[in-house]
Amino acid sequence: DAGVIQSPRHEVTEMGQEVTLRCKPISGHDYLFWYRQTMMRGLELLIYFNNNVPIDDSGMPEDRFSAKMPNASFSTLKIQPSEPRDSAVYFCASSYASPKKGEQFFGPGTRLTVL
Amino acid sequence: SQKIEQNSEALNIQEGKTATLTCNYTNYSPAYLQWYRQDPGRGPVFLLLIRENEKEKRKERLKVTFDTTLKQSLFHITASQPADSATYLCALGGSSASKIIFGSGTRLSIRP
């Protein structure tokens, strides 16, 4: 299995531009999570899906952030318009079952820099 | 508000010794706790899960304890090796929700 796939691996953009991050979870996994990691705030959960349905988006910082999961094999996290404070590493993770039963598998992350 | 603290930002120990990392939490009653390892430039990798009714879990050179009275988990690596050098994250979750909350991590360095 290729594991969780994220693209792009690096993204540099200018303030005000739209950014779209992509994720392909592990086949057969029912849960998909989007995290953001910074030195200041650590690893923060933004939103998670169960069977393609958003369950909890309370971690999404503001309306500039949106996430979709149109099918079981693809999810996007969009930031529009982007701001310098959005600079971080964004991780996508998937799991077969609820985290209370087992592990989450993380992708390699997308390093976003907003100038 | 819920708070998770990992004992120190960095820990340096001699190869062969036992490394002990601490995860403390407040204002929270987790049903389970997970430990992850993260190497630079990579995503976290799951190591162990322990539930509230379990006192201890082992996997090879790794041992995790969970004390709900002290609101603390200890993570031990015995016979530590330089290859164990990484950042270790603890994560807690409740019984009903599927999301987990991560601590800020402890950077462990094992010197030869």
# chains A, B, ... in the order shown; residues from 1 in each chain; ligands from 1
call {"tool": "closest_atom_pairs", "arguments": {"of": "chain A", "to": "chain B", "cutoff": "6 Å", "atoms": "only C-alpha atoms", "output": "Markdown table"}}
result
| residue | atom | partner | partner_atom | distance |
| --- | --- | --- | --- | --- |
| A:Gly42 | CA | B:Ser104 | CA | 5.1 |
| A:Ser98 | CA | B:Ser98 | CA | 5.5 |
| A:Pro99 | CA | B:Ser98 | CA | 5.9 |
| A:Glu103 | CA | B:Phe46 | CA | 5.8 |
| A:Phe106 | CA | B:Gly43 | CA | 5.4 |
| A:Gly107 | CA | B:Gly43 | CA | 5.8 |
| A:Pro108 | CA | B:Gly43 | CA | 5.0 |
call {"tool": "residues_around", "arguments": {"residues": "Glu44 (chain A)", "least_positions_apart": "2", "cutoff": "9 Å", "atoms": "only C-alpha atoms", "output": "PyMOL selection string"}}
result
(chain A and resi 34-38+41-42+46+59) or (chain B and resi 101-102)
call {"tool": "residues_around", "arguments": {"residues": "Ser80 (chain B)", "least_positions_apart": "3", "cutoff": "7 Å", "atoms": "only C-alpha atoms", "output": "PyMOL selection string"}}
result
chain B and resi 15-19+77+84+110
call {"tool": "write_last_selection", "arguments": {"atoms": "C-alpha atoms", "output": "compact mmCIF listing (two decimals), in the first residue's frame"}}
result
# COMPACT_ATOMS: atom_id res chain seq x y z
CA GLU B 15 22.70 5.28 24.56
CA GLY B 16 21.69 2.15 26.43
CA LYS B 17 19.81 4.03 29.15
CA THR B 18 16.05 4.07 29.58
CA ALA B 19 14.32 7.16 28.24
CA ILE B 77 12.15 3.28 25.78
CA ASP B 84 15.29 6.29 18.71
CA ILE B 110 20.12 9.62 22.22
call {"tool": "residues_around", "arguments": {"residues": "Leu11 (chain B)", "least_positions_apart": "5", "cutoff": "12 Å", "atoms": "only C-alpha atoms", "output": "JSON, numbers by chain"}}
result
{"B": [6, 18, 19, 20, 21, 22, 84, 85, 86, 87, 88, 105, 106, 107, 108, 109, 110, 111]}
call {"tool": "residues_around", "arguments": {"residues": "Arg9 (chain A)", "least_positions_apart": "5", "cutoff": "7 Å", "atoms": "only C-alpha atoms", "output": "list in words"}}
result
Gly109, Thr110 and Arg111 of chain A
call {"tool": "residues_around", "arguments": {"residues": "region 66-68 of chain B", "least_positions_apart": "4", "cutoff": "6 Å", "atoms": "only C-alpha atoms", "output": "list in words"}}
result
Lys55, Gln72 and Ser73 of chain B
call {"tool": "write_last_selection", "arguments": {"atoms": "N, CA, C and O atoms", "output": "tab-separated table (two decimals), in the first residue's frame"}}
result
chain	number	residue	atom	x	y	z
B	55	LYS	N	-3.47	-0.46	32.73
B	55	LYS	CA	-2.42	0.21	33.50
B	55	LYS	C	-1.13	0.32	32.70
B	55	LYS	O	-0.37	1.29	32.86
B	72	GLN	N	-1.80	11.11	34.18
B	72	GLN	CA	-0.47	11.08	33.60
B	72	GLN	C	-0.21	9.78	32.86
B	72	GLN	O	-0.69	8.71	33.24
B	73	SER	N	0.56	9.89	31.77
B	73	SER	CA	1.06	8.71	31.08
B	73	SER	C	2.58	8.82	31.00
B	73	SER	O	3.12	9.90	30.76
call {"tool": "closest_residue", "arguments": {"among": "B:Cys90, B:Ser29, B:Asp39, B:Thr78", "to": "Gln14 (chain B)", "atoms": "only C-alpha atoms"}}
result
B:Thr78
call {"tool": "decode", "arguments": {"residues": "region 46-57 of chain B", "atoms": "all heavy atoms", "output": "compact mmCIF listing (two decimals), in the first residue's frame"}}
result
# COMPACT_ATOMS: atom_id res chain seq x y z
N PHE B 46 2.25 6.07 14.41
CA PHE B 46 1.65 5.48 15.60
C PHE B 46 2.58 4.45 16.23
O PHE B 46 3.22 3.64 15.54
CB PHE B 46 0.34 4.81 15.20
CG PHE B 46 -0.32 4.01 16.29
CD1 PHE B 46 -1.13 4.64 17.23
CD2 PHE B 46 -0.15 2.64 16.38
CE1 PHE B 46 -1.75 3.91 18.23
CE2 PHE B 46 -0.76 1.90 17.36
CZ PHE B 46 -1.56 2.53 18.29
N LEU B 47 2.63 4.48 17.59
CA LEU B 47 3.44 3.51 18.33
C LEU B 47 2.57 2.61 19.20
O LEU B 47 2.62 1.39 19.09
CB LEU B 47 4.47 4.23 19.19
CG LEU B 47 5.52 5.05 18.45
CD1 LEU B 47 6.38 5.83 19.43
CD2 LEU B 47 6.39 4.15 17.57
N LEU B 48 1.80 3.21 20.09
CA LEU B 48 1.04 2.42 21.07
C LEU B 48 -0.26 3.13 21.42
O LEU B 48 -0.33 4.35 21.41
CB LEU B 48 1.85 2.23 22.36
CG LEU B 48 2.96 1.20 22.37
CD1 LEU B 48 3.85 1.40 23.59
CD2 LEU B 48 2.39 -0.20 22.36
N LEU B 49 -1.26 2.34 21.78
CA LEU B 49 -2.51 2.85 22.31
C LEU B 49 -2.77 2.16 23.65
O LEU B 49 -2.57 0.95 23.78
CB LEU B 49 -3.66 2.57 21.34
CG LEU B 49 -5.08 2.99 21.76
CD1 LEU B 49 -5.92 3.34 20.53
CD2 LEU B 49 -5.79 1.91 22.55
N ILE B 50 -3.22 2.93 24.63
CA ILE B 50 -3.57 2.36 25.92
C ILE B 50 -4.91 2.95 26.34
O ILE B 50 -5.17 4.15 26.16
CB ILE B 50 -2.47 2.64 26.97
CG1 ILE B 50 -2.77 1.91 28.28
CG2 ILE B 50 -2.26 4.13 27.20
CD1 ILE B 50 -1.58 1.87 29.24
N ARG B 51 -5.78 2.10 26.88
CA ARG B 51 -7.11 2.54 27.27
C ARG B 51 -7.16 2.84 28.77
O ARG B 51 -6.31 2.40 29.53
CB ARG B 51 -8.14 1.48 26.87
CG ARG B 51 -8.24 1.32 25.36
CD ARG B 51 -9.34 0.37 24.94
NE ARG B 51 -9.49 0.37 23.49
CZ ARG B 51 -8.73 -0.32 22.66
NH1 ARG B 51 -7.78 -1.09 23.13
NH2 ARG B 51 -8.93 -0.25 21.36
N GLU B 52 -8.20 3.54 29.18
CA GLU B 52 -8.29 4.01 30.57
C GLU B 52 -8.33 2.87 31.58
O GLU B 52 -7.94 3.05 32.73
CB GLU B 52 -9.53 4.90 30.74
CG GLU B 52 -10.84 4.21 30.43
CD GLU B 52 -12.03 5.13 30.64
OE1 GLU B 52 -11.92 6.08 31.43
OE2 GLU B 52 -13.07 4.90 29.99
N ASN B 53 -8.79 1.70 31.15
CA ASN B 53 -8.87 0.58 32.08
C ASN B 53 -7.61 -0.29 32.05
O ASN B 53 -7.56 -1.34 32.67
CB ASN B 53 -10.10 -0.27 31.79
CG ASN B 53 -10.09 -0.84 30.38
OD1 ASN B 53 -9.29 -0.42 29.55
ND2 ASN B 53 -10.98 -1.79 30.13
N GLU B 54 -6.61 0.17 31.30
CA GLU B 54 -5.34 -0.55 31.22
C GLU B 54 -4.28 0.25 31.97
O GLU B 54 -4.19 1.46 31.82
CB GLU B 54 -4.92 -0.75 29.76
CG GLU B 54 -5.91 -1.58 28.96
CD GLU B 54 -5.55 -1.67 27.48
OE1 GLU B 54 -5.21 -0.61 26.89
OE2 GLU B 54 -5.60 -2.77 26.92
N LYS B 55 -3.47 -0.46 32.73
CA LYS B 55 -2.42 0.21 33.50
C LYS B 55 -1.13 0.32 32.70
O LYS B 55 -0.37 1.29 32.86
CB LYS B 55 -2.14 -0.58 34.78
CG LYS B 55 -3.30 -0.60 35.75
CD LYS B 55 -3.54 0.76 36.35
CE LYS B 55 -4.61 0.69 37.42
NZ LYS B 55 -5.00 2.02 37.90
N GLU B 56 -0.89 -0.69 31.87
CA GLU B 56 0.41 -0.75 31.20
C GLU B 56 0.27 -1.48 29.86
O GLU B 56 -0.56 -2.37 29.70
CB GLU B 56 1.38 -1.52 32.11
CG GLU B 56 2.78 -1.66 31.60
CD GLU B 56 3.65 -2.42 32.60
OE1 GLU B 56 3.83 -1.94 33.72
OE2 GLU B 56 4.14 -3.50 32.22
N LYS B 57 1.08 -1.04 28.90
CA LYS B 57 1.11 -1.70 27.60
C LYS B 57 2.57 -1.78 27.16
O LYS B 57 3.34 -0.83 27.37
CB LYS B 57 0.34 -0.83 26.60
CG LYS B 57 -0.45 -1.51 25.47
CD LYS B 57 -1.47 -2.41 25.87
CE LYS B 57 -2.47 -2.87 24.84
NZ LYS B 57 -3.19 -1.86 24.14
